[in-house]
$ cat data.txt   # compact mmCIF, C-alpha atoms
# COMPACT_ATOMS: atom_id res chain seq x y z
CA MET A 11 19.85 -44.94 -61.52
CA VAL A 12 18.10 -42.18 -59.58
CA LEU A 13 14.81 -43.09 -61.25
CA LEU A 14 15.16 -46.71 -60.14
CA VAL A 15 15.91 -45.66 -56.55
CA LEU A 16 12.84 -43.43 -56.55
CA LEU A 17 10.67 -46.11 -58.14
CA PHE A 18 11.70 -49.09 -56.01
CA ILE A 19 12.65 -47.48 -52.68
CA ALA A 20 11.17 -44.02 -52.24
CA LEU A 21 7.76 -44.73 -53.80
CA PRO A 22 6.92 -47.79 -51.65
CA ILE A 23 8.00 -45.91 -48.51
CA ALA A 24 5.83 -42.94 -49.51
CA GLU A 25 2.91 -45.29 -50.28
CA LEU A 26 3.19 -46.94 -46.86
CA TYR A 27 3.33 -43.54 -45.18
CA VAL A 28 0.18 -42.36 -46.97
CA ILE A 29 -1.66 -45.63 -46.26
CA VAL A 30 -0.77 -45.40 -42.56
CA LYS A 31 -1.88 -41.74 -42.43
CA VAL A 32 -5.18 -42.50 -44.18
CA GLY A 33 -5.66 -45.54 -41.94
CA SER A 34 -5.14 -43.42 -38.83
CA LEU A 35 -7.73 -40.92 -40.07
CA ILE A 36 -10.52 -43.25 -41.26
CA GLY A 37 -9.58 -46.60 -39.71
CA ILE A 38 -7.96 -49.74 -41.03
CA LEU A 39 -11.01 -51.49 -42.47
CA PRO A 40 -12.22 -48.46 -44.46
CA THR A 41 -8.66 -47.95 -45.73
CA ILE A 42 -8.41 -51.56 -46.93
CA ALA A 43 -11.89 -51.30 -48.46
CA LEU A 44 -10.87 -48.08 -50.23
CA LEU A 45 -7.71 -49.71 -51.60
CA LEU A 46 -9.72 -52.71 -52.86
CA LEU A 47 -12.39 -50.47 -54.35
CA ASP A 48 -9.91 -48.35 -56.27
CA SER A 49 -8.22 -51.51 -57.57
CA PHE A 50 -11.56 -52.82 -58.91
CA LEU A 51 -12.46 -49.42 -60.37
CA GLY A 52 -9.00 -49.21 -61.90
CA ALA A 53 -9.40 -52.62 -63.51
CA ALA A 54 -12.77 -51.60 -64.97
CA LEU A 55 -11.36 -48.29 -66.24
CA LEU A 56 -8.34 -50.11 -67.66
CA ARG A 57 -10.59 -52.54 -69.51
CA HIS A 58 -12.75 -49.70 -70.91
CA GLN A 59 -9.87 -47.43 -71.95
CA GLY A 60 -7.83 -50.37 -73.22
CA ARG A 61 -10.64 -51.43 -75.54
CA ALA A 62 -11.05 -47.85 -76.76
CA ALA A 63 -7.31 -47.52 -77.42
CA TRP A 64 -7.29 -50.86 -79.28
CA ARG A 65 -10.29 -49.77 -81.38
CA ARG A 66 -8.57 -46.47 -82.31
CA PHE A 67 -5.37 -48.39 -83.15
CA ARG A 68 -7.27 -50.72 -85.51
CA GLU A 69 -9.08 -47.74 -87.11
CA ALA A 70 -5.74 -46.00 -87.75
CA LEU A 71 -4.39 -49.12 -89.43
CA ALA A 72 -7.56 -49.48 -91.50
CA GLU A 73 -7.15 -45.85 -92.63
CA GLN A 74 -3.53 -46.69 -93.54
CA ARG A 75 -1.99 -44.06 -91.31
CA VAL A 76 0.76 -44.46 -88.77
CA PRO A 77 -0.87 -45.13 -85.36
CA ALA A 78 1.71 -43.20 -83.30
CA LYS A 79 -0.85 -41.46 -81.09
CA GLU A 80 -2.76 -44.69 -80.61
CA VAL A 81 0.36 -46.65 -79.66
CA PHE A 82 1.33 -43.99 -77.12
CA ASP A 83 -2.20 -43.99 -75.70
CA GLY A 84 -2.16 -47.78 -75.46
CA ALA A 85 1.14 -47.74 -73.59
CA MET A 86 -0.15 -45.06 -71.20
CA VAL A 87 -3.35 -47.06 -70.59
CA ILE A 88 -1.30 -50.15 -69.71
CA LEU A 89 0.98 -48.14 -67.41
CA GLY A 90 -1.99 -46.38 -65.82
CA GLY A 91 -3.75 -49.70 -65.26
CA ALA A 92 -0.65 -51.13 -63.63
CA PHE A 93 -0.49 -48.10 -61.33
CA LEU A 94 -4.16 -48.47 -60.39
CA LEU A 95 -3.79 -52.18 -59.67
CA THR A 96 -0.79 -51.50 -57.43
CA PRO A 97 -1.97 -50.98 -53.85
CA GLY A 98 -1.48 -47.41 -52.73
CA PHE A 99 -2.96 -43.97 -53.10
CA ILE A 100 -0.03 -42.20 -54.79
CA THR A 101 0.15 -44.70 -57.65
CA ASP A 102 -3.64 -44.49 -57.95
CA VAL A 103 -3.41 -40.76 -58.65
CA PHE A 104 -0.78 -41.32 -61.37
CA GLY A 105 -2.75 -44.25 -62.80
CA LEU A 106 -5.93 -42.21 -62.95
CA LEU A 107 -4.09 -39.38 -64.73
CA LEU A 108 -2.78 -41.84 -67.32
CA LEU A 109 -6.20 -43.41 -67.89
CA LEU A 110 -8.26 -40.24 -68.30
CA PRO A 111 -8.15 -39.05 -71.94
CA PRO A 112 -7.73 -35.28 -71.26
CA SER A 113 -4.76 -35.72 -68.90
CA ARG A 114 -3.31 -38.43 -71.16
CA ALA A 115 -3.45 -35.97 -74.10
CA ALA A 116 -1.61 -33.35 -72.01
CA ILE A 117 1.04 -35.91 -71.02
CA ARG A 118 1.39 -36.97 -74.68
CA ARG A 119 1.96 -33.35 -75.74
CA GLY A 120 4.56 -32.88 -73.01
CA VAL A 121 6.41 -36.09 -73.89
CA THR A 122 6.31 -35.24 -77.61
CA ARG A 123 7.66 -31.74 -76.97
CA THR A 124 10.44 -33.08 -74.72
CA ALA A 125 11.40 -35.76 -77.26
CA ALA A 126 11.47 -33.21 -80.08
CA ASN A 127 13.69 -30.89 -78.04
CA ARG A 128 16.09 -33.70 -77.19
CA ALA A 129 16.21 -34.83 -80.80
CA ALA A 130 16.94 -31.28 -81.97
CA PHE A 131 19.87 -30.86 -79.58
CA GLY A 132 21.19 -34.43 -79.50
CA PRO A 133 24.14 -35.92 -81.37
CA ARG A 134 24.02 -35.48 -85.12
CA LEU A 135 26.24 -35.07 -88.15
CA ILE A 136 26.64 -31.67 -89.74
CA PHE A 137 27.88 -31.67 -93.31
CA TRP A 138 29.24 -28.72 -95.22
CA GLY A 139 31.20 -27.82 -98.38
CA ALA A 140 34.15 -29.55 -100.07
CA GLY A 141 33.55 -33.02 -98.65
CA GLN A 142 34.26 -32.19 -95.00
CA ALA A 143 32.06 -33.43 -92.18
CA ARG A 144 32.26 -32.56 -88.51
CA GLN A 145 30.57 -34.50 -85.72
CA ARG A 146 28.79 -32.50 -83.02
CA TYR A 147 27.91 -34.22 -79.74
CA GLY A 148 25.57 -31.76 -78.01
CA GLY A 149 28.44 -29.96 -76.27
CA GLN A 150 30.41 -33.11 -75.39
CA GLN A 151 33.44 -34.49 -77.16
CA PRO A 152 33.55 -38.17 -78.14
CA ARG A 153 35.70 -40.32 -75.87
CA SER A 154 37.14 -42.72 -78.42
CA GLY A 155 36.86 -43.78 -82.03
CA ALA A 156 37.50 -42.08 -85.33
CA GLY A 157 35.82 -38.85 -84.28
CA ALA A 158 37.76 -38.57 -81.03
CA PRO A 159 40.26 -35.78 -80.57
CA GLY A 160 43.63 -36.82 -81.92
CA HIS A 161 42.12 -39.21 -84.48
CA GLY A 162 41.35 -36.57 -87.11
CA GLN A 163 43.69 -34.75 -89.43
CA GLY A 164 45.22 -32.71 -86.65
CA ALA A 165 45.52 -32.97 -82.88
CA GLY A 166 42.14 -32.16 -81.38
CA ASP A 167 40.52 -31.94 -84.83
CA ASP A 168 37.45 -34.11 -85.22
CA SER A 169 37.04 -33.56 -88.98
CA ILE A 170 36.75 -36.51 -91.31
CA GLU A 171 36.81 -36.67 -95.08
CA GLY A 172 33.59 -37.60 -96.83
CA SER A 173 30.41 -36.21 -98.22
CA GLY A 174 26.85 -36.32 -97.06
CA TRP A 175 23.67 -34.46 -96.43
CA GLU A 176 21.87 -33.27 -93.33
CA VAL A 177 18.76 -35.34 -92.73
CA GLY A 178 15.90 -33.63 -94.53
CA ASP A 179 18.19 -31.53 -96.81
CA GLU A 180 18.15 -31.95 -100.55
CA PRO A 181 21.44 -32.90 -102.25
CA ALA A 182 23.25 -29.85 -103.66
CA ARG A 183 24.36 -29.42 -107.29
CA GLY A 184 22.59 -32.54 -108.56
CA ASP A 185 24.67 -34.89 -106.40
CA GLU A 186 23.13 -38.23 -105.60
CA PRO A 187 22.88 -39.31 -101.97
CA PRO A 188 24.92 -42.40 -101.03
CA ALA A 189 23.18 -45.75 -101.37
CA LEU A 190 21.92 -47.23 -98.12
CA PRO A 191 23.46 -50.56 -97.07
CA ARG A 192 21.19 -53.56 -97.41

$ encode --input "data.txt" --output "structure tokens"
Amino acid sequence: MVLLVLLFIALPIAELYVIVKVGSLIGILPTIALLLLDSFLGAALLRHQGRAAWRRFREALAEQRVPAKEVFDGAMVILGGAFLLTPGFITDVFGLLLLLPPSRAAIRRGVTRTAANRAAFGPRLIFWGAGQARQRYGGQQPRSGAGAPGHGQGAGDDSIEGSGWEVGDEPARGDEPPALPR
């Protein structure tokens, strides 16, 4: 919700403020010319970087490897191009950062690190001994359902009977993992 307010209310107000300030410093016609010029340069840079991202995507597929980096780069190129085509100087700075390969690589590393941290601490099942499983919700208790407090074997107990394995763990004692539903 806060992101939407910032994106659709605060950003346009900030863009107008910056455009007015630049216009008061250099004049209205040079400001309009500068906004048009950066839109045309942004379109050219978008076309160039978009083609390069598409070429790298096709090469990854031809090499039969997952094109995760290439897909992320393609999405960032599209977003950066949209920012550059949007009139305003603030969005132009963000668009340029997303279109330049070195800054895009830094953003990709940051997003990957953040996603990995959230995945490591997000909701997941933890399985241990004698067929007992306990659900952990990153510090929060479930609000309803079978794992909710009061629905387990005792009041406030969120244990359930069953067996399973942690993702990435090997089955213990020669047990077979459960079949996946089709």

$ closest_residue --input "data.txt" --among "A:Leu71, A:Ile100, A:Ala62, A:Leu26" --to "Val87 in chain A" --atoms "only C-alpha atoms"
A:Ala62

$ residues_around --input "data.txt" --residues "Gly60 in chain A" --least-positions-apart "4" --cutoff "8 Å" --atoms "all atoms listed in the file" --output "PDB file with C-alpha atoms, in the coordinates of the input"
ATOM      1  CA  LEU A  56      -8.340 -50.110 -67.660  1.00  0.00           C
ATOM      2  CA  TRP A  64      -7.290 -50.860 -79.280  1.00  0.00           C
ATOM      3  CA  GLY A  84      -2.160 -47.780 -75.460  1.00  0.00           C
ATOM      4  CA  VAL A  87      -3.350 -47.060 -70.590  1.00  0.00           C
ATOM      5  CA  ILE A  88      -1.300 -50.150 -69.710  1.00  0.00           C
TER       6      ILE A  88
END

$ residues_around --input "data.txt" --residues "Gln59 in chain A" --least-positions-apart "5" --cutoff "12 Å" --atoms "all atoms listed in the file" --output "VMD selection string"
chain A and resid 52 to 54 64 to 66 80 83 to 91 106 108 to 111 114

$ atom_distance --input "data.txt" --atom1 "CA of Gly98 in chain A" --atom2 "CA of Ala43 in chain A"
11.9 Å

$ atom_distance --input "data.txt" --atom1 "CA of Glu69 in chain A" --atom2 "CA of Phe104 in chain A"
27.8 Å

$ closest_residue --input "data.txt" --among "A:Leu47, A:Ala130, A:Val12, A:Leu39" --to "Leu95 in chain A" --atoms "all atoms listed in the file"
A:Leu47

$ atom_distance --input "data.txt" --atom1 "CA of Thr101 in chain A" --atom2 "CA of Leu21 in chain A"
8.5 Å

$ closest_residue --input "data.txt" --among "A:Val28, A:Ile42, A:Leu55, A:Val76" --to "Leu107 in chain A" --atoms "only C-alpha atoms"
A:Leu55
